[in-house]
Amino acid sequence: MAFLHWSCQDVAKWIRSLGYPHYTACFTENLITGKKLIYVNCCYLPRLGITDFEDMKAISAHVRELLGTSEPLWSRSIADPPRDSMGLFLEKKSRTGDWADSFTYTQFLDRKQ
């Protein structure tokens, strides 16, 4: 999960490598770091200045692939099985501070049980 330590410039380089160099400023001007990528999806991309729907879908899919998570359903029911562990863990890791920086996936799984 090296991406969690990416700077804004690292994220911009990653966006360029995906074939979207015209969006690098959207990520750098909004200070999107590796931890903040956890929240990047089709709901938030327009706030960053990305409004082409096909690009939004593709970038969101690349973010999910990078994070190793599945796409959460927008109409999630309480009867559905719990969300995947990795997605829940990444939400915890997205916070700042020493605790979040040192929190591991193994610790998360131990606490979940």
# chains A, B, ... in the order shown; residues from 1 in each chain; ligands from 1

call {"tool": "select_by_dssp", "arguments": {"residues": "region 17-67 of chain A", "states": "alpha helix (DSSP H)", "output": "ChimeraX atom specification"}}
result
/A:17,24-29,45-48,53-67

call {"tool": "write_last_selection", "arguments": {"atoms": "N, CA, C and O atoms", "output": "compact mmCIF listing (two decimals), in the first residue's frame"}}
result
# COMPACT_ATOMS: atom_id res chain seq x y z
N SER A 17 0.23 8.88 -15.97
CA SER A 17 0.54 7.53 -16.48
C SER A 17 -0.71 6.79 -16.94
O SER A 17 -0.62 5.88 -17.76
N THR A 24 -3.91 16.61 -14.26
CA THR A 24 -2.93 16.67 -13.18
C THR A 24 -3.16 17.89 -12.30
O THR A 24 -3.06 17.80 -11.07
N ALA A 25 -3.48 19.03 -12.90
CA ALA A 25 -3.72 20.25 -12.10
C ALA A 25 -4.93 20.08 -11.19
O ALA A 25 -4.95 20.61 -10.08
N CYS A 26 -5.94 19.34 -11.64
CA CYS A 26 -7.13 19.11 -10.81
C CYS A 26 -6.75 18.42 -9.51
O CYS A 26 -7.30 18.73 -8.45
N PHE A 27 -5.80 17.52 -9.58
CA PHE A 27 -5.38 16.78 -8.39
C PHE A 27 -4.38 17.58 -7.56
O PHE A 27 -4.48 17.59 -6.33
N THR A 28 -3.43 18.25 -8.20
CA THR A 28 -2.43 18.99 -7.43
C THR A 28 -3.04 20.25 -6.78
O THR A 28 -2.73 20.54 -5.64
N GLU A 29 -3.89 20.97 -7.49
CA GLU A 29 -4.48 22.18 -6.93
C GLU A 29 -5.43 21.87 -5.77
O GLU A 29 -5.64 22.71 -4.90
N LEU A 45 -15.21 13.69 -8.10
CA LEU A 45 -14.41 14.16 -9.24
C LEU A 45 -14.91 15.48 -9.82
O LEU A 45 -14.08 16.33 -10.15
N PRO A 46 -16.22 15.73 -9.93
CA PRO A 46 -16.64 17.05 -10.42
C PRO A 46 -16.18 18.20 -9.52
O PRO A 46 -15.88 19.29 -10.01
N ARG A 47 -16.07 17.96 -8.23
CA ARG A 47 -15.57 18.98 -7.31
C ARG A 47 -14.10 19.30 -7.59
O ARG A 47 -13.64 20.39 -7.25
N LEU A 48 -13.40 18.33 -8.15
CA LEU A 48 -11.99 18.55 -8.51
C LEU A 48 -11.85 19.21 -9.87
O LEU A 48 -10.75 19.62 -10.24
N PHE A 53 -18.01 12.42 -18.06
CA PHE A 53 -18.51 11.23 -17.38
C PHE A 53 -17.69 9.98 -17.69
O PHE A 53 -17.42 9.17 -16.80
N GLU A 54 -17.27 9.81 -18.92
CA GLU A 54 -16.47 8.63 -19.27
C GLU A 54 -15.12 8.67 -18.55
O GLU A 54 -14.65 7.64 -18.06
N ASP A 55 -14.51 9.84 -18.47
CA ASP A 55 -13.25 9.98 -17.74
C ASP A 55 -13.47 9.73 -16.25
O ASP A 55 -12.65 9.09 -15.59
N MET A 56 -14.59 10.22 -15.73
CA MET A 56 -14.90 10.00 -14.31
C MET A 56 -15.02 8.51 -14.01
O MET A 56 -14.47 8.02 -13.01
N LYS A 57 -15.72 7.77 -14.86
CA LYS A 57 -15.88 6.33 -14.65
C LYS A 57 -14.53 5.62 -14.71
O LYS A 57 -14.23 4.76 -13.88
N ALA A 58 -13.70 6.01 -15.69
CA ALA A 58 -12.41 5.35 -15.86
C ALA A 58 -11.47 5.66 -14.68
O ALA A 58 -10.82 4.75 -14.14
N ILE A 59 -11.40 6.91 -14.28
CA ILE A 59 -10.53 7.28 -13.16
C ILE A 59 -11.00 6.60 -11.87
O ILE A 59 -10.19 6.07 -11.10
N SER A 60 -12.30 6.58 -11.63
CA SER A 60 -12.83 5.90 -10.44
C SER A 60 -12.48 4.42 -10.45
O SER A 60 -12.12 3.85 -9.41
N ALA A 61 -12.57 3.79 -11.61
CA ALA A 61 -12.22 2.37 -11.72
C ALA A 61 -10.73 2.16 -11.44
O ALA A 61 -10.35 1.19 -10.76
N HIS A 62 -9.88 3.05 -11.93
CA HIS A 62 -8.44 2.95 -11.66
C HIS A 62 -8.14 3.15 -10.18
O HIS A 62 -7.27 2.47 -9.63
N VAL A 63 -8.85 4.04 -9.54
CA VAL A 63 -8.66 4.25 -8.10
C VAL A 63 -9.06 3.00 -7.34
O VAL A 63 -8.32 2.52 -6.47
N ARG A 64 -10.21 2.41 -7.67
CA ARG A 64 -10.65 1.18 -7.00
C ARG A 64 -9.64 0.06 -7.23
O ARG A 64 -9.36 -0.72 -6.32
N GLU A 65 -9.11 -0.01 -8.44
CA GLU A 65 -8.11 -1.04 -8.75
C GLU A 65 -6.85 -0.82 -7.89
O GLU A 65 -6.30 -1.77 -7.33
N LEU A 66 -6.41 0.42 -7.80
CA LEU A 66 -5.24 0.75 -6.99
C LEU A 66 -5.47 0.38 -5.53
O LEU A 66 -4.61 -0.17 -4.87
N LEU A 67 -6.65 0.69 -5.02
CA LEU A 67 -6.99 0.43 -3.62
C LEU A 67 -7.29 -1.05 -3.36
O LEU A 67 -7.27 -1.49 -2.22

call {"tool": "residues_around", "arguments": {"residues": "region 93-110 of chain A", "least_positions_apart": "4", "cutoff": "12 Å", "atoms": "only C-alpha atoms", "output": "list in words"}}
result
Met1, Ala2, Phe3, Leu4, His5, Ile32, Thr33, Gly34, Lys35, Lys36, Leu37, Ile38, Tyr39, Val40, Leu67, Asp84, Ser85, Met86, Gly87, Leu88 and Phe89 of chain A

call {"tool": "write_last_selection", "arguments": {"atoms": "N, CA and C atoms", "output": "compact mmCIF listing (two decimals), in the first residue's frame"}}
result
# COMPACT_ATOMS: atom_id res chain seq x y z
N MET A 1 0.82 -1.18 0.00
CA MET A 1 0.00 0.00 0.00
C MET A 1 0.87 1.26 0.00
N ALA A 2 1.87 1.23 -0.84
CA ALA A 2 2.79 2.37 -0.93
C ALA A 2 2.07 3.64 -1.36
N PHE A 3 0.95 3.50 -2.08
CA PHE A 3 0.21 4.68 -2.55
C PHE A 3 -0.27 5.55 -1.40
N LEU A 4 -0.44 4.99 -0.21
CA LEU A 4 -0.89 5.77 0.93
C LEU A 4 0.12 6.85 1.31
N HIS A 5 1.35 6.68 0.88
CA HIS A 5 2.42 7.65 1.19
C HIS A 5 2.71 8.59 0.03
N ILE A 32 -4.59 16.54 -3.57
CA ILE A 32 -4.97 15.13 -3.45
C ILE A 32 -3.71 14.29 -3.29
N THR A 33 -3.56 13.71 -2.11
CA THR A 33 -2.44 12.83 -1.80
C THR A 33 -2.90 11.38 -1.93
N GLY A 34 -2.02 10.46 -1.67
CA GLY A 34 -2.38 9.05 -1.72
C GLY A 34 -3.50 8.69 -0.76
N LYS A 35 -3.45 9.26 0.44
CA LYS A 35 -4.51 8.97 1.41
C LYS A 35 -5.85 9.53 0.94
N LYS A 36 -5.82 10.67 0.31
CA LYS A 36 -7.07 11.28 -0.15
C LYS A 36 -7.65 10.55 -1.36
N LEU A 37 -6.83 9.76 -2.06
CA LEU A 37 -7.36 8.97 -3.19
C LEU A 37 -8.45 8.01 -2.73
N ILE A 38 -8.42 7.64 -1.46
CA ILE A 38 -9.41 6.72 -0.93
C ILE A 38 -10.82 7.25 -1.16
N TYR A 39 -10.99 8.57 -1.15
CA TYR A 39 -12.30 9.18 -1.30
C TYR A 39 -12.62 9.63 -2.73
N VAL A 40 -11.70 9.41 -3.65
CA VAL A 40 -11.92 9.86 -5.02
C VAL A 40 -12.82 8.87 -5.74
N LEU A 67 -6.65 0.69 -5.02
CA LEU A 67 -6.99 0.43 -3.62
C LEU A 67 -7.29 -1.05 -3.36
N ASP A 84 -16.65 -4.87 2.11
CA ASP A 84 -15.40 -5.61 2.14
C ASP A 84 -14.44 -4.98 3.16
N SER A 85 -13.64 -5.82 3.77
CA SER A 85 -12.73 -5.38 4.84
C SER A 85 -11.73 -4.35 4.37
N MET A 86 -11.22 -4.51 3.15
CA MET A 86 -10.20 -3.58 2.67
C MET A 86 -10.75 -2.16 2.57
N GLY A 87 -11.96 -2.01 2.07
CA GLY A 87 -12.57 -0.69 1.98
C GLY A 87 -12.75 -0.04 3.33
N LEU A 88 -13.20 -0.83 4.30
CA LEU A 88 -13.37 -0.31 5.66
C LEU A 88 -12.03 0.07 6.28
N PHE A 89 -11.02 -0.76 6.04
CA PHE A 89 -9.67 -0.46 6.55
C PHE A 89 -9.13 0.83 5.95

call {"tool": "decode", "arguments": {"residues": "region 18-54 of chain A", "atoms": "N, CA, C and O atoms", "output": "short mmCIF file (atom, residue, chain, number, x, y, z; two decimals), in the first residue's frame"}}
result
data_model
loop_
_atom_site.label_atom_id
_atom_site.label_comp_id
_atom_site.auth_asym_id
_atom_site.auth_seq_id
_atom_site.Cartn_x
_atom_site.Cartn_y
_atom_site.Cartn_z
N LEU A 18 -1.88 7.20 -16.42
CA LEU A 18 -3.14 6.58 -16.84
C LEU A 18 -3.64 7.14 -18.17
O LEU A 18 -4.59 6.64 -18.74
N GLY A 19 -2.98 8.22 -18.64
CA GLY A 19 -3.39 8.84 -19.90
C GLY A 19 -4.26 10.06 -19.72
O GLY A 19 -4.99 10.44 -20.65
N TYR A 20 -4.21 10.67 -18.54
CA TYR A 20 -5.01 11.87 -18.27
C TYR A 20 -4.13 13.04 -17.82
O TYR A 20 -4.35 13.61 -16.75
N PRO A 21 -3.14 13.42 -18.62
CA PRO A 21 -2.25 14.51 -18.20
C PRO A 21 -2.99 15.83 -18.01
O PRO A 21 -2.55 16.68 -17.23
N HIS A 22 -4.10 16.01 -18.71
CA HIS A 22 -4.86 17.26 -18.60
C HIS A 22 -5.56 17.40 -17.25
O HIS A 22 -6.09 18.47 -16.94
N TYR A 23 -5.57 16.36 -16.43
CA TYR A 23 -6.20 16.42 -15.12
C TYR A 23 -5.19 16.54 -13.97
O TYR A 23 -5.59 16.57 -12.80
N THR A 24 -3.91 16.61 -14.26
CA THR A 24 -2.93 16.67 -13.18
C THR A 24 -3.16 17.89 -12.30
O THR A 24 -3.06 17.80 -11.07
N ALA A 25 -3.48 19.03 -12.90
CA ALA A 25 -3.72 20.25 -12.10
C ALA A 25 -4.93 20.08 -11.19
O ALA A 25 -4.95 20.61 -10.08
N CYS A 26 -5.94 19.34 -11.64
CA CYS A 26 -7.13 19.11 -10.81
C CYS A 26 -6.75 18.42 -9.51
O CYS A 26 -7.30 18.73 -8.45
N PHE A 27 -5.80 17.52 -9.58
CA PHE A 27 -5.38 16.78 -8.39
C PHE A 27 -4.38 17.58 -7.56
O PHE A 27 -4.48 17.59 -6.33
N THR A 28 -3.43 18.25 -8.20
CA THR A 28 -2.43 18.99 -7.43
C THR A 28 -3.04 20.25 -6.78
O THR A 28 -2.73 20.54 -5.64
N GLU A 29 -3.89 20.97 -7.49
CA GLU A 29 -4.48 22.18 -6.93
C GLU A 29 -5.43 21.87 -5.77
O GLU A 29 -5.64 22.71 -4.90
N ASN A 30 -5.98 20.67 -5.76
CA ASN A 30 -6.87 20.26 -4.67
C ASN A 30 -6.14 19.43 -3.61
O ASN A 30 -6.78 18.85 -2.73
N LEU A 31 -4.80 19.38 -3.73
CA LEU A 31 -3.95 18.72 -2.74
C LEU A 31 -4.33 17.26 -2.49
O LEU A 31 -4.39 16.81 -1.34
N ILE A 32 -4.59 16.54 -3.57
CA ILE A 32 -4.97 15.13 -3.45
C ILE A 32 -3.71 14.29 -3.29
O ILE A 32 -2.89 14.18 -4.19
N THR A 33 -3.56 13.71 -2.11
CA THR A 33 -2.44 12.83 -1.80
C THR A 33 -2.90 11.38 -1.93
O THR A 33 -4.09 11.12 -2.20
N GLY A 34 -2.02 10.46 -1.67
CA GLY A 34 -2.38 9.05 -1.72
C GLY A 34 -3.50 8.69 -0.76
O GLY A 34 -4.40 7.95 -1.10
N LYS A 35 -3.45 9.26 0.44
CA LYS A 35 -4.51 8.97 1.41
C LYS A 35 -5.85 9.53 0.94
O LYS A 35 -6.89 8.94 1.17
N LYS A 36 -5.82 10.67 0.31
CA LYS A 36 -7.07 11.28 -0.15
C LYS A 36 -7.65 10.55 -1.36
O LYS A 36 -8.84 10.70 -1.65
N LEU A 37 -6.83 9.76 -2.06
CA LEU A 37 -7.36 8.97 -3.19
C LEU A 37 -8.45 8.01 -2.73
O LEU A 37 -9.31 7.64 -3.52
N ILE A 38 -8.42 7.64 -1.46
CA ILE A 38 -9.41 6.72 -0.93
C ILE A 38 -10.82 7.25 -1.16
O ILE A 38 -11.76 6.50 -1.38
N TYR A 39 -10.99 8.57 -1.15
CA TYR A 39 -12.30 9.18 -1.30
C TYR A 39 -12.62 9.63 -2.73
O TYR A 39 -13.69 10.15 -2.97
N VAL A 40 -11.70 9.41 -3.65
CA VAL A 40 -11.92 9.86 -5.02
C VAL A 40 -12.82 8.87 -5.74
O VAL A 40 -12.47 7.71 -5.93
N ASN A 41 -14.02 9.35 -6.10
CA ASN A 41 -14.96 8.55 -6.88
C ASN A 41 -15.80 9.49 -7.73
O ASN A 41 -15.55 10.70 -7.76
N CYS A 42 -16.78 8.97 -8.41
CA CYS A 42 -17.58 9.80 -9.32
C CYS A 42 -18.35 10.91 -8.61
O CYS A 42 -18.73 11.88 -9.24
N CYS A 43 -18.57 10.78 -7.32
CA CYS A 43 -19.25 11.86 -6.58
C CYS A 43 -18.34 13.06 -6.39
O CYS A 43 -18.80 14.19 -6.41
N TYR A 44 -17.05 12.82 -6.19
CA TYR A 44 -16.13 13.90 -5.85
C TYR A 44 -15.32 14.44 -7.03
O TYR A 44 -14.80 15.54 -6.94
N LEU A 45 -15.21 13.69 -8.10
CA LEU A 45 -14.41 14.16 -9.24
C LEU A 45 -14.91 15.48 -9.82
O LEU A 45 -14.08 16.33 -10.15
N PRO A 46 -16.22 15.73 -9.93
CA PRO A 46 -16.64 17.05 -10.42
C PRO A 46 -16.18 18.20 -9.52
O PRO A 46 -15.88 19.29 -10.01
N ARG A 47 -16.07 17.96 -8.23
CA ARG A 47 -15.57 18.98 -7.31
C ARG A 47 -14.10 19.30 -7.59
O ARG A 47 -13.64 20.39 -7.25
N LEU A 48 -13.40 18.33 -8.15
CA LEU A 48 -11.99 18.55 -8.51
C LEU A 48 -11.85 19.21 -9.87
O LEU A 48 -10.75 19.62 -10.24
N GLY A 49 -12.94 19.27 -10.62
CA GLY A 49 -12.91 19.87 -11.95
C GLY A 49 -12.97 18.87 -13.08
O GLY A 49 -12.78 19.22 -14.24
N ILE A 50 -13.26 17.62 -12.77
CA ILE A 50 -13.35 16.57 -13.79
C ILE A 50 -14.83 16.28 -14.01
O ILE A 50 -15.50 15.74 -13.13
N THR A 51 -15.34 16.64 -15.18
CA THR A 51 -16.77 16.52 -15.43
C THR A 51 -17.13 15.61 -16.60
O THR A 51 -18.29 15.33 -16.81
N ASP A 52 -16.15 15.16 -17.37
CA ASP A 52 -16.42 14.23 -18.46
C ASP A 52 -16.77 12.88 -17.84
O ASP A 52 -15.95 12.26 -17.16
N PHE A 53 -18.01 12.42 -18.06
CA PHE A 53 -18.51 11.23 -17.38
C PHE A 53 -17.69 9.98 -17.69
O PHE A 53 -17.42 9.17 -16.80
N GLU A 54 -17.27 9.81 -18.92
CA GLU A 54 -16.47 8.63 -19.27
C GLU A 54 -15.12 8.67 -18.55
O GLU A 54 -14.65 7.64 -18.06
#
